[in-house]
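K.L.:
Structure: my_file-v6.tsv, TSV, C-alpha atoms.
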chain	number	residue	atom	x	y	z
A	30	MET	CA	165.21	54.97	165.28
A	31	THR	CA	162.68	52.74	167.00
A	32	SER	CA	163.99	49.44	168.39
A	33	THR	CA	162.34	46.09	167.77
A	34	THR	CA	161.00	45.90	171.31
A	35	GLU	CA	159.70	49.44	171.50
A	36	HIS	CA	156.13	50.58	171.42
A	37	ALA	CA	155.14	53.65	169.49
A	38	LYS	CA	151.98	55.62	169.33
A	39	PRO	CA	150.29	54.90	166.00
A	40	THR	CA	150.62	57.94	163.79
A	41	HIS	CA	147.55	56.94	161.79
A	42	PRO	CA	145.37	54.68	164.03
A	43	LYS	CA	142.29	54.77	161.80
A	44	GLU	CA	144.33	53.99	158.70
A	45	LEU	CA	146.13	51.23	160.60
A	46	GLY	CA	142.86	49.59	161.64
A	47	ALA	CA	141.34	49.84	158.17
A	48	PHE	CA	144.50	48.41	156.64
A	49	LEU	CA	144.54	45.39	158.96
A	50	ARG	CA	140.83	44.77	158.52
A	51	ALA	CA	141.10	44.86	154.71
A	52	HIS	CA	143.96	42.35	154.69
A	53	ARG	CA	142.24	40.11	157.24
A	54	GLU	CA	139.12	39.97	155.07
A	55	ARG	CA	141.09	39.02	151.97
A	56	ARG	CA	143.21	36.33	153.65
A	57	ASN	CA	142.16	32.82	152.59
A	58	PRO	CA	141.66	30.57	155.66
A	59	VAL	CA	143.16	27.65	153.74
A	60	ASP	CA	146.43	29.60	153.40
A	61	VAL	CA	146.90	29.59	157.18
A	62	GLY	CA	145.98	25.93	157.63
A	63	LEU	CA	142.29	26.34	158.48
A	64	ARG	CA	139.55	24.24	156.94
A	65	ASP	CA	137.15	26.02	154.64
A	66	THR	CA	133.76	24.86	155.92
A	67	GLY	CA	131.81	27.11	153.60
A	68	ARG	CA	129.83	28.52	156.55
A	69	ARG	CA	131.54	31.91	156.82
A	70	ARG	CA	129.27	34.93	156.70
A	71	THR	CA	132.09	37.18	155.58
A	72	PRO	CA	135.19	36.43	153.48
A	73	GLY	CA	138.64	36.00	154.92
A	74	LEU	CA	139.68	35.38	158.51
A	75	ARG	CA	137.75	36.16	161.66
A	76	ARG	CA	139.31	38.42	164.27
A	77	GLU	CA	139.59	35.58	166.75
A	78	GLU	CA	141.46	33.50	164.17
A	79	VAL	CA	143.99	36.24	163.50
A	80	ALA	CA	144.42	36.72	167.25
A	81	ALA	CA	144.99	33.01	167.90
A	82	LEU	CA	147.40	32.59	164.98
A	83	SER	CA	149.32	35.70	166.05
A	84	GLY	CA	149.50	34.78	169.72
A	85	VAL	CA	147.50	37.73	171.05
A	86	GLY	CA	144.15	38.10	172.78
A	87	VAL	CA	140.97	38.60	170.79
A	88	ALA	CA	140.12	41.78	172.67
A	89	TRP	CA	143.62	43.13	172.07
A	90	TYR	CA	143.44	42.47	168.34
A	91	THR	CA	139.95	43.99	168.18
A	92	TRP	CA	141.24	47.13	169.86
A	93	LEU	CA	144.16	47.18	167.41
A	94	GLU	CA	141.77	47.28	164.46
A	95	GLN	CA	139.85	50.00	166.26
A	96	GLY	CA	142.99	52.08	166.76
A	97	ARG	CA	142.63	52.01	170.55
A	98	ILE	CA	145.96	50.49	171.62
A	99	VAL	CA	149.69	51.03	171.18
A	100	PRO	CA	151.22	48.10	169.25
A	101	SER	CA	154.76	46.78	169.44
A	102	LYS	CA	156.82	45.78	166.43
A	103	LYS	CA	157.17	42.22	167.74
A	104	VAL	CA	153.40	41.73	167.84
A	105	LEU	CA	152.87	43.50	164.51
A	106	ASP	CA	155.46	41.19	162.96
A	107	SER	CA	153.39	38.23	164.12
A	108	VAL	CA	150.17	39.75	162.78
A	109	ALA	CA	151.90	40.54	159.47
A	110	ARG	CA	152.95	36.89	159.11
A	111	THR	CA	149.41	35.72	159.83
A	112	LEU	CA	148.01	38.09	157.21
A	113	GLY	CA	150.68	37.14	154.68
A	114	LEU	CA	151.74	40.73	154.05
A	115	ARG	CA	154.12	41.35	151.19
A	116	PRO	CA	157.21	43.53	151.81
A	117	ALA	CA	155.59	46.77	150.62
A	118	SER	CA	152.50	46.11	152.74
A	119	TYR	CA	154.66	45.24	155.76
A	120	ARG	CA	156.60	48.49	155.47
A	121	HIS	CA	153.33	50.36	155.15
A	122	LEU	CA	151.98	48.65	158.30
A	123	LEU	CA	155.03	49.71	160.32
A	124	ALA	CA	154.80	53.25	158.99
A	125	LEU	CA	151.15	53.54	160.00
A	126	ALA	CA	152.05	52.22	163.45
A	127	GLY	CA	154.82	54.79	163.88
A	128	LEU	CA	157.49	52.09	163.93
A	129	MET	CA	159.48	53.23	160.91
A	130	PRO	CA	162.21	55.86	160.96
A	131	ASP	CA	160.83	59.30	160.30
A	132	SER	CA	160.64	60.25	156.64
A	133	PRO	CA	163.25	62.79	155.62
A	134	VAL	CA	162.14	66.38	155.67
A	135	GLU	CA	160.47	67.11	152.37
A	136	VAL	CA	162.76	69.07	150.08
A	137	ASN	CA	161.48	71.83	147.86
A	138	HIS	CA	160.71	69.36	145.12
A	139	GLN	CA	159.25	71.80	142.61
A	140	LYS	CA	162.15	74.29	142.80
A	141	GLN	CA	165.06	71.94	143.49
A	142	ILE	CA	164.45	68.37	142.31
A	143	ALA	CA	162.32	68.95	139.20
A	144	PRO	CA	164.73	71.41	137.51
A	145	SER	CA	167.80	69.29	138.31
A	146	THR	CA	166.08	66.14	136.99
A	147	GLN	CA	164.83	67.71	133.76
A	148	GLU	CA	168.22	67.34	132.06
A	149	LEU	CA	168.23	63.62	132.80
A	150	LEU	CA	164.71	63.15	131.46
A	151	ASP	CA	165.55	65.09	128.29
A	152	SER	CA	168.54	62.82	127.63
A	153	TRP	CA	166.14	59.92	127.02
A	154	GLU	CA	165.02	61.10	123.61
A	155	THR	CA	163.13	57.93	122.67
A	156	SER	CA	162.09	56.79	126.14
A	157	PRO	CA	159.03	58.47	127.69
A	158	ALA	CA	160.04	59.59	131.18
A	159	VAL	CA	158.32	61.47	133.99
A	160	LEU	CA	159.17	62.68	137.50
A	161	LEU	CA	156.59	62.33	140.28
A	162	ASP	CA	156.66	63.94	143.70
A	163	CYS	CA	155.66	62.11	146.90
A	164	ARG	CA	151.96	62.45	146.02
A	165	PHE	CA	152.32	61.33	142.38
A	166	ASP	CA	151.98	64.90	141.08
A	167	ILE	CA	153.79	65.18	137.74
A	168	THR	CA	156.54	67.75	138.11
A	169	ALA	CA	158.81	67.11	135.10
A	170	TRP	CA	158.61	65.12	131.87
A	171	ASN	CA	160.37	64.82	128.53
A	172	ALA	CA	159.26	65.35	124.94
A	173	ALA	CA	158.84	61.62	124.36
A	174	TYR	CA	156.39	61.37	127.26
A	175	ALA	CA	154.31	64.27	125.96
A	176	ALA	CA	154.30	62.84	122.44
A	177	VAL	CA	153.42	59.25	123.36
A	178	TRP	CA	151.07	59.76	126.31
A	179	PHE	CA	149.89	63.36	126.82
A	180	ASP	CA	151.32	66.79	127.56
A	181	PRO	CA	150.84	67.44	131.30
A	182	GLU	CA	151.23	71.15	130.64
A	183	LEU	CA	147.76	71.13	129.06
A	184	VAL	CA	146.14	69.96	132.32
A	185	PRO	CA	145.39	72.25	135.30
A	186	ALA	CA	147.87	71.77	138.12
A	187	ILE	CA	145.18	70.41	140.47
A	188	ARG	CA	144.78	67.41	138.12
A	189	ARG	CA	148.38	67.06	136.95
A	190	ASN	CA	148.77	63.76	138.77
A	191	LEU	CA	149.67	60.32	137.41
A	192	MET	CA	146.85	58.56	139.27
A	193	TRP	CA	144.34	60.99	137.78
A	194	PHE	CA	145.71	60.39	134.28
A	195	MET	CA	145.73	56.59	134.65
A	196	ALA	CA	142.20	56.56	136.06
A	197	GLY	CA	140.91	58.11	132.86
A	198	GLY	CA	142.13	61.68	132.78
A	199	ALA	CA	144.47	61.01	129.85
A	200	PRO	CA	142.61	61.00	126.51
A	201	ASP	CA	141.22	57.53	125.80
A	202	VAL	CA	143.72	55.91	128.18
A	203	GLN	CA	141.41	53.02	128.99
A	204	GLU	CA	141.05	52.18	125.29
A	205	THR	CA	144.63	53.05	124.30
A	206	VAL	CA	146.49	50.94	126.86
A	207	GLU	CA	146.31	47.18	126.43
A	208	CYS	CA	145.44	45.54	129.75
A	209	TRP	CA	144.68	48.98	131.15
A	210	GLU	CA	143.18	47.82	134.45
A	211	PRO	CA	146.20	45.82	135.72
A	212	LEU	CA	148.48	48.78	134.99
A	213	ALA	CA	146.05	51.25	136.56
A	214	ARG	CA	145.69	49.09	139.67
A	215	ALA	CA	149.48	48.73	139.96
A	216	THR	CA	149.68	52.52	139.80
A	217	LEU	CA	146.94	52.73	142.44
A	218	ALA	CA	148.85	50.39	144.79
A	219	GLN	CA	151.95	52.61	144.64
A	220	PHE	CA	149.85	55.79	144.85
A	221	ARG	CA	148.14	54.41	147.93
A	222	ALA	CA	151.51	53.58	149.51
A	223	GLN	CA	152.71	57.12	148.80
A	224	THR	CA	149.65	58.97	150.10
A	225	ALA	CA	148.11	56.89	152.91
A	226	ARG	CA	150.53	58.27	155.53
A	227	ARG	CA	149.66	61.77	154.34
A	228	ALA	CA	145.90	61.38	154.73
A	229	GLU	CA	145.51	64.74	156.48
A	230	ASP	CA	147.82	66.60	154.13
A	231	PRO	CA	145.87	69.32	152.23
A	232	ARG	CA	147.15	68.27	148.79
A	233	THR	CA	146.43	64.60	149.48
A	234	ARG	CA	142.88	65.42	150.57
A	235	GLU	CA	142.45	67.55	147.47
A	236	LEU	CA	143.64	64.71	145.23
A	237	TYR	CA	141.21	62.17	146.66
A	238	ALA	CA	138.38	64.70	146.37
A	239	VAL	CA	139.22	65.23	142.69
A	240	LEU	CA	139.46	61.49	142.03
A	241	ASN	CA	136.09	60.86	143.69
A	242	GLU	CA	134.50	63.73	141.80
A	243	ASP	CA	135.92	62.91	138.37
A	244	PHE	CA	135.74	59.10	138.53
A	245	PRO	CA	132.77	58.12	140.73
A	246	GLU	CA	132.58	54.78	138.90
A	247	LEU	CA	135.93	53.93	140.53
A	248	SER	CA	134.86	54.91	144.05
A	249	GLY	CA	135.85	51.48	145.37
A	250	TRP	CA	139.40	52.07	144.20
A	251	TRP	CA	139.88	55.15	146.33
A	252	GLN	CA	138.81	53.22	149.44
A	253	CYS	CA	141.18	50.33	148.65
A	254	GLN	CA	143.73	49.47	151.35
A	255	GLY	CA	146.14	47.55	149.10
A	256	VAL	CA	149.67	48.92	148.70
A	257	ASP	CA	152.62	47.72	146.64
A	258	ASP	CA	155.71	48.87	144.78
A	259	LEU	CA	155.37	49.77	141.12
A	260	ARG	CA	157.64	47.14	139.60
A	261	SER	CA	159.18	46.87	136.14
A	262	ARG	CA	156.64	45.62	133.64
A	263	PRO	CA	155.86	45.58	129.92
A	264	VAL	CA	153.38	48.17	128.67
A	265	SER	CA	151.65	48.06	125.30
A	266	LEU	CA	149.44	50.73	123.80
A	267	ARG	CA	147.98	51.82	120.48
A	268	VAL	CA	149.48	55.04	119.14
A	269	ALA	CA	148.89	56.52	115.69
A	270	GLY	CA	147.18	53.31	114.62
A	271	ARG	CA	150.17	51.16	115.60
A	272	ARG	CA	151.08	48.95	118.54
A	273	LEU	CA	153.82	50.43	120.73
A	274	GLN	CA	155.63	48.13	123.15
A	275	LEU	CA	157.52	49.60	126.09
A	276	LYS	CA	159.23	48.38	129.26
A	277	LEU	CA	158.43	50.40	132.39
A	278	PHE	CA	161.10	51.00	135.04
A	279	ALA	CA	160.75	52.91	138.31
A	280	PHE	CA	163.46	54.30	140.59
A	281	ARG	CA	163.94	57.06	143.14
A	282	PRO	CA	166.33	60.02	142.99
A	283	VAL	CA	168.80	60.15	145.88
A	284	ASP	CA	168.11	63.84	146.48
A	285	ASP	CA	164.41	63.11	147.11
A	286	PRO	CA	163.76	59.46	148.08
A	287	GLU	CA	160.04	60.19	148.34
A	288	ALA	CA	159.93	61.07	144.63
A	289	LEU	CA	159.74	58.58	141.77
A	290	ILE	CA	161.11	58.55	138.21
A	291	LEU	CA	159.29	56.41	135.66
A	292	VAL	CA	161.00	55.67	132.36
A	293	GLN	CA	159.64	53.53	129.54
A	294	THR	CA	162.18	52.11	127.11
A	295	PRO	CA	161.13	50.95	123.61
A	296	ALA	CA	161.11	47.20	123.29
A	297	ARG	CA	162.03	47.03	119.59
A	298	ASP	CA	163.73	49.13	116.94
A	299	ALA	CA	160.31	49.69	115.41
A	300	ASP	CA	159.06	51.12	118.71
A	301	ARG	CA	162.04	53.47	118.93
A	302	ALA	CA	161.42	54.66	115.37
A	303	LEU	CA	157.74	55.26	116.12
A	304	ILE	CA	158.59	57.37	119.17
A	305	GLU	CA	161.12	59.38	117.16
A	306	ASN	CA	158.43	60.12	114.60
A	307	LEU	CA	155.86	61.08	117.24
A	308	VAL	CA	158.33	63.49	118.85
A	309	ARG	CA	159.17	65.01	115.47
A	310	ILE	CA	155.49	65.52	114.65
A	311	SER	CA	154.83	67.07	118.06
A	312	ARG	CA	157.50	69.68	117.38
A	313	LEU	CA	156.12	70.77	114.03
A	314	PRO	CA	154.56	74.25	114.05
A	315	VAL	CA	150.77	74.25	114.22
A	316	ARG	CA	149.14	75.69	111.13
A	317	ARG	CA	146.21	77.88	112.02
A	318	ALA	CA	143.35	78.66	109.69
A	319	GLY	CA	142.89	82.23	108.47
For the structure just supplied, provide its representation as structure tokens.

P.N.:
Amino acid sequence: MTSTTEHAKPTHPKELGAFLRAHRERRNPVDVGLRDTGRRRTPGLRREEVAALSGVGVAWYTWLEQGRIVPSKKVLDSVARTLGLRPASYRHLLALAGLMPDSPVEVNHQKQIAPSTQELLDSWETSPAVLLDCRFDITAWNAAYAAVWFDPELVPAIRRNLMWFMAGGAPDVQETVECWEPLARATLAQFRAQTARRAEDPRTRELYAVLNEDFPELSGWWQCQGVDDLRSRPVSLRVAGRRLQLKLFAFRPVDDPEALILVQTPARDADRALIENLVRISRLPVRRAG
């Protein structure tokens, strides 16, 4: 484990620089005690302001954004305070700088974690639940999830990913989900946190290529540097002509801390009854003509 005084070679220098630059440009000068003169050509803080507030040289900070120097945790802590990074963003910064403990060796998620988790997901008969791997690929789900949202089995594996579904891959998701954009952006923030450190991973590259190809209107999203944890939140959507209210929870299985389980519990008895009916209908045999 890296000590607080140690330096480490950035594992993702370009990502580190882009991440710092994005947060510098969104930081309000007033929030750090600077006067807003209205004469700024670009939004946010200037590099020299971040350097001064963080106690480092302007050239040093410039090189940091350019991925040309080896940072220390002590200095990055100071920069993080200046930029007002939230806990998830701070952890992401340290990971990009190579100052976090190494991630555990990836387990065989598809063959080990997904089958062992399926029984748990199936036990939630009226709560849509899904298992995601470290890249947000959907690897297990229950009947309630397929009935309320969509059946991932019907989608080619290359697109069987929660970010793809929330971006618009799920049928009418943008019209079905109330306040779709805040939920989609919250999903994006967690997706970004999960995949940014795997930028050169073949599956990660494939995912971003698919997202850019299928949703060019959201191109700015895929370049976004914001990261966050997907927190508990209410979710409302229109299903079968009725309003369904759910509460979203997220947690990680111990056997694979890079994976994520999302479960949505019904908010009311009426919501539970609606889900029960949707599951029952989904299990009815399909009558074919002829």

K.L.:
Kindly indicate which residue among A:Leu275, A:Cys253, A:Leu150, A:Ile187 lies nearest to A:Asp166, using all atoms listed in the file for the distances.

P.N.:
A:Ile187

K.L.:
For A:His138, work out the shell of residues within 10 Å, counting only C-alpha atoms and skipping chain neighbours fewer than 6 positions away, then give it as a PDB file with C-alpha atoms, keeping the file's coordinate frame.

P.N.:
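The result, stored in out_39.pdb:
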ATOM      1  CA  PRO A 144     164.730  71.410 137.510  1.00  0.00           C
ATOM      2  CA  SER A 145     167.800  69.290 138.310  1.00  0.00           C
ATOM      3  CA  LEU A 161     156.590  62.330 140.280  1.00  0.00           C
ATOM      4  CA  ASP A 162     156.660  63.940 143.700  1.00  0.00           C
ATOM      5  CA  CYS A 163     155.660  62.110 146.900  1.00  0.00           C
ATOM      6  CA  THR A 168     156.540  67.750 138.110  1.00  0.00           C
ATOM      7  CA  ASP A 284     168.110  63.840 146.480  1.00  0.00           C
ATOM      8  CA  ASP A 285     164.410  63.110 147.110  1.00  0.00           C
ATOM      9  CA  GLU A 287     160.040  60.190 148.340  1.00  0.00           C
ATOM     10  CA  ALA A 288     159.930  61.070 144.630  1.00  0.00           C
TER      11      ALA A 288
END

K.L.:
Expressed in Å to a single decimal, how great is the separation between atom CA of A:Lys140 and atom CA of A:Arg227?

P.N.:
21.1 Å

K.L.:
Find, counting all atoms listed in the file, the residue in A:Thr91, A:Thr71, A:Ser265, A:Thr111 that gets nearest to A:Val206.

P.N.:
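So, comparing all the options, the nearest one is A:Ser265.
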
K.L.:
For A:Pro200, find every residue with an atom within 10 Å (counting only C-alpha atoms), except residues of its own chain fewer than 4 positions away, and show them as a PyMOL selection string.

P.N.:
chain A and resi 178-179+194-195+204-205

K.L.:
What would the file look like if the residues just selected were written as a compact mmCIF listing (two decimals), keeping the file's coordinate frame with C-alpha atoms?

P.N.:
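As a result, out.txt now contains:
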# COMPACT_ATOMS: atom_id res chain seq x y z
CA TRP A 178 151.07 59.76 126.31
CA PHE A 179 149.89 63.36 126.82
CA PHE A 194 145.71 60.39 134.28
CA MET A 195 145.73 56.59 134.65
CA GLU A 204 141.05 52.18 125.29
CA THR A 205 144.63 53.05 124.30

K.L.:
With all atoms listed in the file counted, which protein, DNA or RNA residues have an atom no more than 7 Å from (146.7, 39.1, 163.6) in the file frame? Please answer as a ChimeraX atom specification.

P.N.:
/A:79-80,82-83,90,107-109,111-112

K.L.:
Provide the atom CA of A:Phe278 to atom CA of A:Ser261 distance in Å, to one decimal place.

P.N.:
4.7 Å

K.L.:
Would you work out the distance separating atom CA of A:Leu291 from atom CA of A:Arg260, expressed in Å to one decimal?

P.N.:
10.2 Å

K.L.:
Please return the centre and edge lengths, in Å to one decimal, of a box with edges along x, y and z that contains all listed atoms of stretch 249-253 of chain A, widened by 6 Å on every side, as AutoDock Vina command-line options.

P.N.:
--center_x 138.5 --center_y 52.7 --center_z 146.8 --size_x 17.3 --size_y 16.8 --size_z 17.2

K.L.:
I need the residue nearest A:Ala124 from this list: A:Ile98, A:Val59, A:Ala225, A:Ile290. Use all atoms listed in the file for the distance.

P.N.:
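Looking only at the distances to A:Ala124, the closest residue turns out to be A:Ala225.
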
K.L.:
Return the single residue from A:Ile167, A:Ala302, A:Leu63, A:Leu45 that is closest to A:Leu273, with distances computed using all atoms listed in the file.

P.N.:
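Checking each candidate against A:Leu273, we get A:Ala302 as the closest.
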
K.L.:
Which polymer residues have any atom within 8 Å of an atom of A:Glu305, counting only C-alpha atoms, with same-chain residues fewer than 3 positions away left out, as a list in words?

P.N.:
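Once the adjacent positions are removed, what remains is Glu154, Thr155, Ala173, Arg301, Ala302, Val308 and Arg309 of chain A.
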
K.L.:
Pick the closest to A:Arg75 from A:Arg56, A:Lys102, A:Arg297, A:Arg232: which is it, counting all atoms listed in the file?

P.N.:
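Ranked by minimum distance to A:Arg75, first place goes to A:Arg56.
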
K.L.:
List every protein, DNA or RNA residue that has an atom no more than 8 Å from (160.3, 46.4, 123.5) in the file's coordinate frame, counting all atoms listed in the file, and report them as a PyMOL selection string.

P.N.:
chain A and resi 263+274-276+294-298+300

K.L.:
Which residue, A:Tyr237, A:Trp209, A:Phe48, A:Trp153, has the smallest gap to A:Leu123 when you use all atoms listed in the file?

P.N.:
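With all atoms listed in the file as the atom set, the closest residue is A:Phe48.
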
K.L.:
Identify, on the basis of all atoms listed in the file, every residue whose closest approach to A:Val184 does not exceed 10 Å; exclude the query and any residue fewer than 6 positions from it along the same chain; express the result as a ChimeraX atom specification.

P.N.:
/A:190,194,198-199
